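Participant: What follows is model09.txt, made up of compact mmCIF, C-alpha atoms and all ligand atoms:
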```
# COMPACT_ATOMS: atom_id res chain seq x y z
CA MET A 1 10.94 20.70 -13.54
CA ALA A 2 14.23 18.90 -13.00
CA ALA A 3 16.51 21.93 -12.86
CA ASP A 4 20.21 21.18 -12.46
CA LYS A 5 19.89 17.47 -13.17
CA THR A 6 22.01 15.91 -15.86
CA LEU A 7 21.35 12.63 -17.62
CA LEU A 8 24.17 10.78 -19.31
CA LEU A 9 22.29 9.12 -22.16
CA ILE A 10 24.05 6.08 -23.61
CA ILE A 11 22.42 5.25 -26.94
CA GLY A 12 22.86 1.61 -27.92
CA GLY A 13 22.78 0.19 -31.43
CA GLY A 14 19.22 -0.88 -32.14
CA ILE A 15 16.38 0.36 -34.28
CA ALA A 16 14.79 1.89 -31.17
CA ALA A 17 17.70 4.37 -31.13
CA TYR A 18 15.52 6.67 -33.25
CA LYS A 19 13.24 7.16 -30.20
CA CYS A 20 16.18 8.76 -28.40
CA LEU A 21 15.76 11.88 -30.49
CA ASP A 22 12.31 12.34 -28.97
CA LEU A 23 13.63 11.26 -25.57
CA ILE A 24 16.22 14.07 -25.66
CA ARG A 25 13.57 16.67 -26.62
CA ARG A 26 11.17 15.49 -23.92
CA ALA A 27 13.96 15.40 -21.35
CA ALA A 28 14.77 19.02 -22.17
CA GLU A 29 11.07 19.90 -21.73
CA ARG A 30 11.28 18.47 -18.22
CA GLY A 31 14.36 20.55 -17.50
CA TYR A 32 17.05 17.84 -17.80
CA ARG A 33 20.41 18.45 -19.41
CA VAL A 34 21.39 15.50 -21.59
CA THR A 35 24.98 14.48 -22.25
CA PRO A 36 24.79 11.99 -25.13
CA VAL A 37 27.07 9.03 -25.69
CA MET A 38 26.63 6.79 -28.71
CA THR A 39 27.99 3.33 -29.39
CA LYS A 40 29.47 2.66 -32.80
CA ALA A 41 26.39 0.62 -33.72
CA ALA A 42 24.03 3.40 -32.57
CA ALA A 43 25.54 5.69 -35.19
CA GLU A 44 24.29 3.23 -37.83
CA PHE A 45 20.71 3.99 -36.75
CA VAL A 46 20.74 7.72 -35.94
CA THR A 47 23.28 10.33 -36.88
CA PRO A 48 25.45 11.89 -34.18
CA LEU A 49 24.61 15.24 -35.80
CA SER A 50 20.88 14.86 -35.04
CA VAL A 51 21.61 13.73 -31.48
CA SER A 52 24.03 16.57 -30.89
CA ALA A 53 21.66 19.17 -32.43
CA LEU A 54 18.80 18.12 -30.16
CA ALA A 55 20.94 17.79 -27.04
CA GLY A 56 22.63 21.09 -27.75
CA THR A 57 26.00 19.61 -26.91
CA GLU A 58 28.63 17.34 -28.43
CA VAL A 59 28.14 13.60 -28.65
CA HIS A 60 30.81 11.39 -27.07
CA GLN A 61 31.59 8.36 -29.18
CA ASP A 62 35.18 7.31 -28.83
CA LEU A 63 37.00 6.15 -25.72
CA PHE A 64 40.30 7.47 -26.98
CA ASP A 65 38.92 10.96 -27.65
CA LEU A 66 38.53 11.25 -23.92
CA THR A 67 42.07 10.42 -22.95
CA SER A 68 43.77 13.72 -23.76
CA GLU A 69 44.35 16.19 -20.98
CA THR A 70 42.16 18.79 -22.66
CA GLU A 71 39.14 16.49 -22.85
CA MET A 72 36.91 15.32 -20.03
CA GLY A 73 38.23 11.87 -19.03
CA HIS A 74 35.93 8.87 -19.02
CA ILE A 75 35.95 8.63 -15.23
CA GLN A 76 34.83 12.22 -14.91
CA LEU A 77 32.24 11.85 -17.68
CA SER A 78 30.81 8.73 -16.05
CA ARG A 79 30.37 10.55 -12.76
CA SER A 80 29.28 13.95 -14.01
CA ALA A 81 25.62 12.98 -14.31
CA ASP A 82 22.86 12.47 -11.75
CA LEU A 83 21.67 9.37 -13.62
CA ILE A 84 22.94 7.24 -16.49
CA VAL A 85 20.21 6.16 -18.90
CA VAL A 86 20.97 3.37 -21.36
CA ALA A 87 18.42 3.50 -24.18
CA PRO A 88 18.07 1.33 -26.09
CA ALA A 89 19.83 -1.22 -23.91
CA THR A 90 20.55 -3.92 -26.47
CA ALA A 91 21.14 -7.58 -25.58
CA ASP A 92 24.83 -6.98 -26.25
CA LEU A 93 25.05 -3.92 -24.01
CA MET A 94 23.24 -5.78 -21.22
CA ALA A 95 25.64 -8.69 -21.57
CA LYS A 96 28.63 -6.33 -21.45
CA MET A 97 27.24 -4.63 -18.35
CA THR A 98 26.68 -7.97 -16.64
CA GLY A 99 30.21 -9.09 -17.44
CA GLY A 100 31.80 -5.76 -16.51
CA HIS A 101 33.36 -5.33 -19.97
CA ALA A 102 35.13 -2.09 -20.78
CA ASN A 103 36.10 -2.29 -24.44
CA ASP A 104 34.42 0.82 -25.80
CA LEU A 105 33.30 4.17 -24.43
CA ALA A 106 29.78 3.10 -23.41
CA SER A 107 30.83 -0.05 -21.53
CA THR A 108 33.82 1.72 -19.95
CA LEU A 109 31.61 4.51 -18.63
CA LEU A 110 29.22 1.95 -17.15
CA VAL A 111 32.03 0.17 -15.32
CA ALA A 112 33.70 3.40 -14.19
CA THR A 113 30.57 4.96 -12.74
CA ASP A 114 29.21 5.19 -9.25
CA THR A 115 26.07 6.95 -10.53
CA PRO A 116 22.72 5.10 -10.56
CA VAL A 117 21.92 3.46 -13.90
CA LEU A 118 18.55 3.03 -15.62
CA ILE A 119 18.31 0.76 -18.65
CA ALA A 120 15.50 0.67 -21.24
CA PRO A 121 15.95 -2.70 -22.93
CA ALA A 122 14.93 -3.11 -26.58
CA MET A 123 15.47 -6.12 -28.77
CA ASN A 124 13.78 -8.84 -30.77
CA VAL A 125 11.30 -10.83 -28.68
CA ARG A 126 13.31 -14.05 -28.91
CA MET A 127 16.47 -12.27 -27.87
CA TRP A 128 14.59 -10.78 -24.91
CA LYS A 129 13.24 -14.17 -23.87
CA HIS A 130 16.56 -15.93 -24.37
CA VAL A 131 17.83 -17.54 -21.21
CA ALA A 132 21.09 -15.55 -21.38
CA THR A 133 19.29 -12.20 -21.59
CA GLN A 134 16.96 -13.13 -18.73
CA ARG A 135 19.95 -14.28 -16.67
CA ASN A 136 21.72 -10.98 -17.40
CA LEU A 137 18.59 -9.03 -16.50
CA LYS A 138 18.35 -10.76 -13.15
CA GLN A 139 22.02 -10.13 -12.46
CA LEU A 140 21.75 -6.47 -13.43
CA ARG A 141 18.75 -5.97 -11.15
CA GLY A 142 20.73 -7.69 -8.41
CA ASP A 143 23.59 -5.25 -9.07
CA GLY A 144 21.19 -2.37 -8.43
CA VAL A 145 20.55 -1.40 -12.06
CA HIS A 146 17.05 0.04 -12.59
CA VAL A 147 14.98 -1.21 -15.51
CA VAL A 148 12.10 0.35 -17.45
CA GLY A 149 10.20 -1.77 -19.99
CA PRO A 150 10.39 -3.36 -22.42
CA ASN A 151 6.82 -3.11 -23.67
CA GLU A 152 4.88 -5.69 -25.59
CA GLY A 153 3.71 -4.98 -29.11
CA ASP A 154 4.48 -5.11 -32.81
CA MET A 155 8.19 -4.92 -33.37
CA ALA A 156 10.22 -3.39 -36.16
CA CYS A 157 11.41 -6.91 -37.07
CA GLY A 158 7.80 -7.95 -37.77
CA GLU A 159 7.34 -10.09 -34.66
CA PHE A 160 5.02 -9.47 -31.72
CA GLY A 161 5.79 -9.69 -28.02
CA PRO A 162 7.88 -8.09 -25.28
CA GLY A 163 11.00 -6.35 -26.52
CA ARG A 164 9.84 -2.90 -27.65
CA MET A 165 11.66 -0.11 -25.90
CA ALA A 166 9.55 1.84 -23.39
CA GLU A 167 8.24 5.09 -24.83
CA PRO A 168 10.26 8.28 -24.11
CA LEU A 169 7.66 9.58 -21.62
CA GLU A 170 7.68 6.24 -19.76
CA ILE A 171 11.47 6.39 -19.57
CA LEU A 172 11.29 9.96 -18.25
CA ASP A 173 8.67 8.98 -15.67
CA ALA A 174 11.12 6.34 -14.43
CA VAL A 175 13.90 8.96 -14.43
CA ASP A 176 11.70 11.38 -12.45
CA GLY A 177 10.91 8.61 -9.99
CA LEU A 178 14.57 7.73 -9.47
CA LEU A 179 15.71 11.31 -9.02
CA ARG A 180 12.87 12.31 -6.74
CA LYS A 181 13.86 12.08 -3.10
CA GLY A 182 11.32 10.39 -0.90
CA ARG A 183 11.18 8.16 2.14
CA LEU A 184 11.50 5.12 -0.17
CA SER A 185 14.26 6.48 -2.42
CA GLY A 186 16.65 3.72 -3.37
CA ARG A 187 14.13 0.98 -2.52
CA HIS A 188 12.81 -1.44 -5.12
CA ILE A 189 9.32 -2.72 -4.41
CA LEU A 190 7.23 -5.21 -6.39
CA VAL A 191 3.46 -5.04 -6.61
CA THR A 192 1.20 -7.57 -8.32
CA ALA A 193 -2.29 -6.35 -9.23
CA GLY A 194 -5.44 -7.11 -11.16
CA PRO A 195 -6.90 -10.43 -12.19
CA THR A 196 -5.26 -13.03 -14.37
CA HIS A 197 -6.86 -14.41 -17.51
CA GLU A 198 -6.49 -18.12 -18.10
CA PRO A 199 -7.17 -19.05 -21.72
CA ILE A 200 -9.72 -21.77 -22.48
CA ASP A 201 -9.27 -21.38 -26.23
CA PRO A 202 -8.14 -18.44 -28.40
CA VAL A 203 -11.34 -16.46 -27.65
CA ARG A 204 -12.45 -17.48 -24.15
CA TYR A 205 -10.82 -17.25 -20.76
CA ILE A 206 -11.35 -17.81 -17.03
CA ALA A 207 -11.15 -14.55 -15.06
CA ASN A 208 -12.45 -12.80 -11.94
CA ARG A 209 -13.91 -9.42 -11.00
CA SER A 210 -10.72 -7.76 -9.75
CA SER A 211 -10.33 -4.20 -11.07
CA GLY A 212 -6.71 -3.78 -9.98
CA LYS A 213 -7.64 -0.51 -8.21
CA GLN A 214 -6.18 -1.43 -4.82
CA GLY A 215 -2.90 -2.73 -6.25
CA TYR A 216 -2.55 0.28 -8.57
CA ALA A 217 -3.21 2.65 -5.66
CA ILE A 218 -0.48 0.91 -3.64
CA ALA A 219 1.96 1.11 -6.57
CA ALA A 220 1.20 4.82 -7.02
CA ALA A 221 1.62 5.55 -3.29
CA LEU A 222 4.96 3.69 -3.21
CA ALA A 223 6.21 5.57 -6.29
CA ALA A 224 5.10 8.88 -4.75
CA GLU A 225 7.46 8.10 -1.85
CA GLY A 226 10.33 7.67 -4.32
CA ALA A 227 10.40 3.85 -4.51
CA GLN A 228 11.30 2.18 -7.75
CA VAL A 229 8.14 0.19 -8.31
CA SER A 230 7.73 -2.83 -10.58
CA LEU A 231 3.98 -3.18 -11.11
CA ILE A 232 3.16 -6.60 -12.52
CA SER A 233 -0.39 -6.35 -13.67
CA GLY A 234 -3.00 -8.63 -15.13
CA PRO A 235 -5.46 -7.18 -17.68
CA VAL A 236 -7.27 -4.13 -16.24
CA THR A 237 -8.61 -0.84 -17.54
CA GLU A 238 -6.99 1.28 -14.80
CA PRO A 239 -4.46 3.78 -16.18
CA ALA A 240 -0.83 3.02 -15.32
CA PRO A 241 0.33 5.06 -12.32
CA HIS A 242 3.08 7.62 -12.95
CA CYS A 243 6.69 6.64 -12.41
CA VAL A 244 6.24 2.89 -12.12
CA ASP A 245 7.78 0.19 -14.25
CA MET A 246 4.67 -1.47 -15.76
CA ILE A 247 4.94 -5.14 -16.61
CA ARG A 248 1.74 -6.38 -18.21
CA VAL A 249 0.86 -10.06 -18.14
CA GLU A 250 -2.21 -12.18 -18.79
CA SER A 251 -1.96 -15.52 -17.04
CA ALA A 252 -0.83 -16.66 -13.59
CA ARG A 253 2.17 -18.41 -15.06
CA GLU A 254 3.23 -15.24 -16.90
CA MET A 255 2.75 -13.29 -13.66
CA LEU A 256 5.01 -15.70 -11.78
CA THR A 257 7.73 -15.49 -14.46
CA ALA A 258 7.56 -11.69 -14.51
CA THR A 259 7.62 -11.48 -10.72
CA GLU A 260 10.67 -13.75 -10.48
CA ALA A 261 12.40 -11.74 -13.21
CA ALA A 262 11.75 -8.49 -11.31
CA LEU A 263 13.53 -9.72 -8.15
CA PRO A 264 15.44 -8.83 -6.06
CA ALA A 265 13.33 -6.31 -4.19
CA ASP A 266 13.22 -4.81 -0.71
CA ALA A 267 9.52 -5.54 -0.34
CA ALA A 268 6.70 -7.10 -2.34
CA VAL A 269 2.96 -6.57 -2.15
CA PHE A 270 0.83 -9.28 -3.73
CA ALA A 271 -2.49 -7.58 -4.43
CA ALA A 272 -3.36 -9.58 -7.57
CA ALA A 273 -6.43 -11.77 -7.64
CA VAL A 274 -4.66 -14.64 -9.32
CA ALA A 275 -6.90 -17.28 -10.89
CA ASP A 276 -6.44 -20.46 -8.92
CA TRP A 277 -7.03 -22.73 -11.89
CA ARG A 278 -6.38 -22.91 -15.60
CA THR A 279 -7.46 -25.48 -18.15
CA ALA A 280 -5.31 -28.59 -18.10
CA THR A 281 -4.88 -28.57 -21.86
CA GLU A 282 -4.43 -25.64 -24.19
CA THR A 283 -6.05 -25.51 -27.57
CA ASP A 284 -5.17 -23.28 -30.51
CA SER A 285 -8.61 -23.69 -32.06
CA LYS A 286 -11.92 -22.29 -30.88
CA ILE A 287 -13.97 -24.99 -29.14
CA LYS A 288 -17.16 -25.43 -31.21
CA LYS A 289 -20.59 -26.37 -29.92
CA ASP A 290 -21.94 -29.14 -32.08
CA GLY A 291 -25.64 -28.71 -31.26
CA SER A 292 -25.86 -32.02 -29.41
CA GLY A 293 -26.31 -30.28 -26.05
CA VAL A 294 -23.14 -31.91 -24.74
CA ILE A 295 -21.02 -29.30 -22.99
CA PRO A 296 -17.22 -29.42 -23.20
CA ASP A 297 -15.58 -31.33 -20.38
CA LEU A 298 -13.12 -28.64 -19.22
CA LYS A 299 -10.44 -30.23 -17.06
CA LEU A 300 -8.76 -27.76 -14.73
CA THR A 301 -5.36 -27.78 -13.13
CA GLU A 302 -3.99 -25.61 -10.32
CA ASN A 303 -1.96 -22.49 -11.05
CA PRO A 304 1.31 -21.81 -9.24
CA ASP A 305 0.89 -19.80 -6.06
CA ILE A 306 3.00 -16.73 -6.78
CA LEU A 307 2.97 -15.32 -3.24
CA ALA A 308 3.90 -18.65 -1.65
CA THR A 309 6.58 -19.35 -4.27
CA ILE A 310 8.30 -15.99 -3.76
CA SER A 311 7.84 -16.08 0.00
CA LYS A 312 9.49 -19.47 0.25
CA GLY A 313 12.10 -18.78 -2.44
CA GLU A 314 15.78 -17.90 -2.24
CA SER A 315 15.35 -14.28 -3.38
CA ARG A 316 12.60 -13.51 -0.87
CA PRO A 317 12.21 -9.76 -0.26
CA SER A 318 12.66 -8.93 3.40
CA LEU A 319 9.01 -7.82 3.65
CA VAL A 320 6.33 -9.87 1.88
CA VAL A 321 2.74 -8.65 2.04
CA GLY A 322 -0.18 -10.73 0.79
CA PHE A 323 -3.89 -10.07 0.46
CA ALA A 324 -6.66 -12.42 1.50
CA ALA A 325 -9.92 -12.12 -0.41
CA GLU A 326 -12.50 -13.87 1.76
CA THR A 327 -16.26 -14.14 1.99
CA ASP A 328 -16.53 -16.19 5.22
CA ASP A 329 -14.58 -16.31 8.50
CA VAL A 330 -12.46 -13.49 7.12
CA ILE A 331 -9.95 -13.11 9.97
CA ALA A 332 -9.53 -16.82 10.69
CA ASN A 333 -9.07 -17.68 7.03
CA ALA A 334 -6.69 -14.79 6.45
CA THR A 335 -4.62 -15.67 9.54
CA ALA A 336 -4.29 -19.26 8.34
CA LYS A 337 -3.40 -18.00 4.85
CA ARG A 338 -0.56 -15.85 6.27
CA GLN A 339 0.96 -18.89 7.90
CA ARG A 340 0.39 -21.21 4.96
CA LYS A 341 1.98 -18.82 2.49
CA THR A 342 4.71 -17.71 4.95
CA CYS A 343 4.22 -14.02 4.23
CA ASP A 344 4.97 -11.38 6.86
CA TRP A 345 1.71 -9.50 6.67
CA ILE A 346 -1.64 -10.20 5.10
CA ILE A 347 -4.34 -7.66 4.32
CA ALA A 348 -7.68 -9.36 4.84
CA ASN A 349 -10.68 -8.04 3.00
CA ASP A 350 -14.26 -9.17 2.79
CA VAL A 351 -15.12 -9.52 -0.87
CA SER A 352 -18.74 -10.61 -0.40
CA PRO A 353 -20.87 -8.95 -3.15
CA GLU A 354 -22.68 -6.70 -0.63
CA THR A 355 -19.38 -5.04 0.41
CA GLY A 356 -18.78 -3.71 -3.12
CA VAL A 357 -15.03 -4.16 -2.66
CA MET A 358 -14.46 -5.99 -5.94
CA GLY A 359 -14.38 -3.21 -8.54
CA GLY A 360 -15.38 -0.48 -6.03
CA ASP A 361 -13.40 2.50 -4.76
CA ARG A 362 -13.58 1.78 -1.02
CA ASN A 363 -12.18 -0.99 1.12
CA THR A 364 -12.40 -2.18 4.71
CA VAL A 365 -9.34 -4.20 5.63
CA THR A 366 -7.65 -5.86 8.57
CA LEU A 367 -3.87 -5.96 8.73
CA ILE A 368 -2.70 -9.31 10.06
CA THR A 369 0.88 -9.63 11.24
CA ALA A 370 2.72 -11.98 13.59
CA ASP A 371 1.51 -9.68 16.40
CA GLY A 372 -2.19 -10.14 15.63
CA ALA A 373 -5.04 -8.51 13.71
CA GLU A 374 -5.53 -4.75 13.41
CA ALA A 375 -8.84 -3.57 11.91
CA TRP A 376 -8.62 -0.38 9.82
CA ASP A 377 -11.60 1.92 9.30
CA GLU A 378 -13.36 1.82 5.97
CA ALA A 379 -11.56 4.14 3.53
CA ASP A 380 -10.93 4.90 -0.13
CA LYS A 381 -8.54 2.42 -1.71
CA THR A 382 -6.05 5.29 -2.10
CA GLU A 383 -6.22 5.93 1.66
CA VAL A 384 -5.76 2.21 2.40
CA ALA A 385 -2.75 2.31 0.07
CA SER A 386 -1.24 5.29 1.84
CA ARG A 387 -1.70 3.70 5.30
CA LEU A 388 -0.06 0.50 4.06
CA VAL A 389 2.83 2.43 2.51
CA ASN A 390 3.44 4.25 5.80
CA ARG A 391 3.62 0.89 7.57
CA ILE A 392 6.03 -0.44 4.94
CA ILE A 393 8.25 2.64 5.40
CA ASP A 394 8.27 2.19 9.19
CA HIS A 395 9.14 -1.48 8.82
CA LEU A 396 11.98 -0.93 6.31
CA ASP A 397 13.37 1.98 8.37
CA ARG A 398 13.39 -0.14 11.55
CA GLU A 399 15.07 -2.97 9.67
CA THR A 400 17.78 -0.58 8.42
CA VAL A 401 18.40 0.76 11.92
CA SER A 402 18.70 -2.73 13.42
CA CYS A 403 21.16 -3.88 10.72
N1 LIG A 501 -1.96 -15.53 -4.74
C1 LIG A 501 -0.91 -15.75 -5.58
N2 LIG A 501 -0.98 -16.77 -6.49
C2 LIG A 501 -2.06 -17.56 -6.57
C3 LIG A 501 -3.15 -17.33 -5.70
C4 LIG A 501 -3.07 -16.29 -4.81
O1 LIG A 501 0.08 -15.01 -5.52
N3 LIG A 501 -2.09 -18.54 -7.45
C5 LIG A 501 -1.84 -14.47 -3.74
C6 LIG A 501 -2.77 -13.29 -3.91
O2 LIG A 501 -2.17 -12.27 -4.69
C7 LIG A 501 -2.98 -12.85 -2.47
C8 LIG A 501 -2.90 -14.14 -1.69
O3 LIG A 501 -2.17 -15.06 -2.49
O4 LIG A 501 -1.96 -12.02 -2.01
C9 LIG A 501 -4.22 -14.77 -1.32
O5 LIG A 501 -5.05 -14.84 -2.46
P1 LIG A 501 -6.55 -15.34 -2.28
O6 LIG A 501 -7.21 -15.27 -3.61
O7 LIG A 501 -7.19 -14.63 -1.13
O8 LIG A 501 -6.37 -16.82 -1.80
P2 LIG A 501 -6.02 -18.15 -2.52
O9 LIG A 501 -4.62 -18.49 -2.28
O10 LIG A 501 -6.44 -18.08 -3.94
O11 LIG A 501 -6.91 -19.19 -1.71
P3 LIG A 501 -8.51 -19.36 -1.68
O12 LIG A 501 -8.99 -19.08 -3.07
O13 LIG A 501 -8.69 -20.75 -1.26
O14 LIG A 501 -9.03 -18.37 -0.67
```
Could I get this file's structure written as structure tokens?
Ligand code: CTP

Facilitator:
Amino acid sequence: MAADKTLLLIIGGGIAAYKCLDLIRRAAERGYRVTPVMTKAAAEFVTPLSVSALAGTEVHQDLFDLTSETEMGHIQLSRSADLIVVAPATADLMAKMTGGHANDLASTLLVATDTPVLIAPAMNVRMWKHVATQRNLKQLRGDGVHVVGPNEGDMACGEFGPGRMAEPLEILDAVDGLLRKGRLSGRHILVTAGPTHEPIDPVRYIANRSSGKQGYAIAAALAAEGAQVSLISGPVTEPAPHCVDMIRVESAREMLTATEAALPADAAVFAAAVADWRTATETDSKIKKDGSGVIPDLKLTENPDILATISKGESRPSLVVGFAAETDDVIANATAKRQRKTCDWIIANDVSPETGVMGGDRNTVTLITADGAEAWDEADKTEVASRLVNRIIDHLDRETVSC
């Protein structure tokens, strides 16, 4: 239960505003008090009466209502909560936040506050993918704003893709994560996990045997220590860990885009088994066999190396951890990989079929740093995750002390 915690919920003007009614109920179930604020546009989608009835308190809507001596001023309102949640965060609200606008109650509160802010974006898929929205998203993350979602799926406007607001329970998991105090509170950490799928045609793809278990265990262990975790995952059947921001992708190129969009971060762990190649040409039609016995001549091209790109990029997290999946000369290959990809640490693991690592629950790894190789005993992937997270905490703490 989150006794004595107050959320200032800013409801933006989008169709997803209706989900806020459920969000308020669920928040109350978890023990949060909700102080609702609605933009003018939000009131076109849900009535202030419903919001106020569920929150059990008045809804703030007008900047000028707050200016009289008898009312709570906007500065006080903006700072009276433990967390500000903007849901749905429309493209317009995100743009206002990025620009520091203060021309209505919602935007003024967001500029006046020194309270952490979590946004749950929701908009049409094209608006979400628009270069301006993506630029604003990057800026907001850089300004320390936390982000949950959006999810991919059918949208109210009839299109399909990313842009659907995260579900109320996902938003509350993110809230719980942000308000929980742990050794990684206030840290943002990226994790990539799972395989990638590289389409050959609309029904076939190139993939690998990665289950995502190790990456998911790392994401869960980081979140349990209070980190804000962006888990960028290829297609897996593992359930999403609690309190992480799930970003689901299919291909290596999508994973790179999502990883870049999730920066900046304090640390990044690249546990994904990214497919090295994709087909050189994409086809919208299923490739047919014509019975002649001639097999299709699939030309492959190399995928971007996500770890190397981020590690060598301008927004490099201060700690970059890679994995090395090897079957031969494990330590030598992994050591060379660390240097080639310029990551700080690499976790080498033997993925030969007889080890059962790919898809299994246990792992035997060697941590390779600039100081050399350190073999860890065989352990459950959750135990490997917890050892790694302890090392990450030590590293980030030392870095903070030496700053
Ligand atoms: N990696 C990545 N992008 C790629 C390939 C790999 O980010 N296109 C990352 C993995 O997530 C991992 C590390 O690089 O952290 C090493 O991946 P691995 O599969 O072991 O090596 P490769 O770079 O693919 O090289 P090779 O297949 O030759 O061993």

Participant: Within 6 Å of ligand LIG 501 (chain A), counting only C-alpha atoms and all ligand atoms: which residues, as a count of residues only?

Facilitator: 15

Participant: Quick one, how far is CA of Leu118 (chain A) from CA of Leu83 (chain A)?

Facilitator: 7.3 Å

Participant: Given the choices A:Pro296, A:Gly226, A:Pro353, A:Pro116, which gets closest to Asp173 (chain A) if the distance is worked out from all atoms listed in the file?

Facilitator: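 Of all the options, A:Gly226 lies closest to Asp173 (chain A).
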
Participant: Give me the residues near region 331-347 of chain A as a PDB file with C-alpha atoms, keeping the file's coordinate frame, where near means some atom within 6 Å (using only C-alpha atoms) and where sequence neighbours in that chain fewer than 6 positions away do not count.

Facilitator:
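As a result, part01.pdb now contains:
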```
ATOM      1  CA  ALA A 308       3.900 -18.650  -1.650  1.00  0.00           C
ATOM      2  CA  SER A 311       7.840 -16.080   0.000  1.00  0.00           C
ATOM      3  CA  VAL A 320       6.330  -9.870   1.880  1.00  0.00           C
ATOM      4  CA  VAL A 321       2.740  -8.650   2.040  1.00  0.00           C
ATOM      5  CA  GLY A 322      -0.180 -10.730   0.790  1.00  0.00           C
ATOM      6  CA  PHE A 323      -3.890 -10.070   0.460  1.00  0.00           C
ATOM      7  CA  ALA A 324      -6.660 -12.420   1.500  1.00  0.00           C
ATOM      8  CA  THR A 366      -7.650  -5.860   8.570  1.00  0.00           C
ATOM      9  CA  LEU A 367      -3.870  -5.960   8.730  1.00  0.00           C
ATOM     10  CA  ILE A 368      -2.700  -9.310  10.060  1.00  0.00           C
ATOM     11  CA  THR A 369       0.880  -9.630  11.240  1.00  0.00           C
TER      12      THR A 369
END
```

Participant: Which distance in Å separates CA of Asp22 (chain A) and CA of Pro36 (chain A), to one decimal?

Facilitator: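 Taking CA of Asp22 (chain A) and CA of Pro36 (chain A), their separation equals 13.1 Å.
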
Participant: So, with only C-alpha atoms as the atoms that count, which of A:Leu222, A:Val117, A:Ala217, A:Leu172 lies closest to Asp380 (chain A)?

Facilitator: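 Selected residue with least distance to Asp380 (chain A): A:Ala217.
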
Participant: For region 141-144 of chain A, please output as a PyMOL selection string all residues within 9 Å (counting all atoms listed in the file; exclusion window: fewer than 5 positions along the same chain).

Facilitator: chain A and resi 98+116-117+136+261-265

Participant: Return the single residue from A:Gly372, A:Gly356, A:Gly100, A:Gly12 that is closest to Arg209 (chain A), with distances computed using all atoms listed in the file.

Facilitator: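 Using all atoms listed in the file, Arg209 (chain A) sits closest to A:Gly356.
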
Participant: Rounded to one decimal place, report the CA of Gly359 (chain A)-CA of Ser233 (chain A) distance in Å.

Facilitator: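 Separation of CA of Gly359 (chain A) and CA of Ser233 (chain A): 15.2 Å.
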
Participant: Skip region 186-189 of chain A itself and residues of its chain fewer than 4 positions away, then list as a list in words all residues within 9 Å of it, counting all atoms listed in the file.

Facilitator: His146, Leu178, Lys181, Gly182, Ala219, Leu222, Gly226, Ala227, Gln228, Val229, Ser230, Leu231, Leu263, Pro264, Ala265, Asp266, Ala267, Ala268, Val269 and Pro317 of chain A

Participant: Considering all atoms listed in the file, state which residue in the set A:Ile10, A:Leu179, A:Cys20, A:Val51 is at the smallest distance from Leu110 (chain A).

Facilitator: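 Among the listed residues, the smallest separation from Leu110 (chain A) belongs to A:Ile10.
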
Participant: Which is closer to Lys19 (chain A) than all the others in A:Gln61, A:Thr35, A:Thr108, A:Ser50, using all atoms listed in the file?

Facilitator: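 Smallest separation from Lys19 (chain A) among the options: A:Ser50.
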
Participant: As a VMD selection string, please: the residues near Tyr18 (chain A) (cut-off 10 Å, all atoms listed in the file, same-chain neighbours under 4 positions excluded).

Facilitator: chain A and resid 11 13 to 14 22 to 23 42 45 to 47 50 to 51 88

Participant: Here is a test: counting all atoms listed in the file, which residue of A:Gln134, A:Ser211, A:Ser285, A:Ser251 is nearest to Pro239 (chain A)?

Facilitator: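 Residue with the minimum atom-to-atom distance to Pro239 (chain A): A:Ser211.
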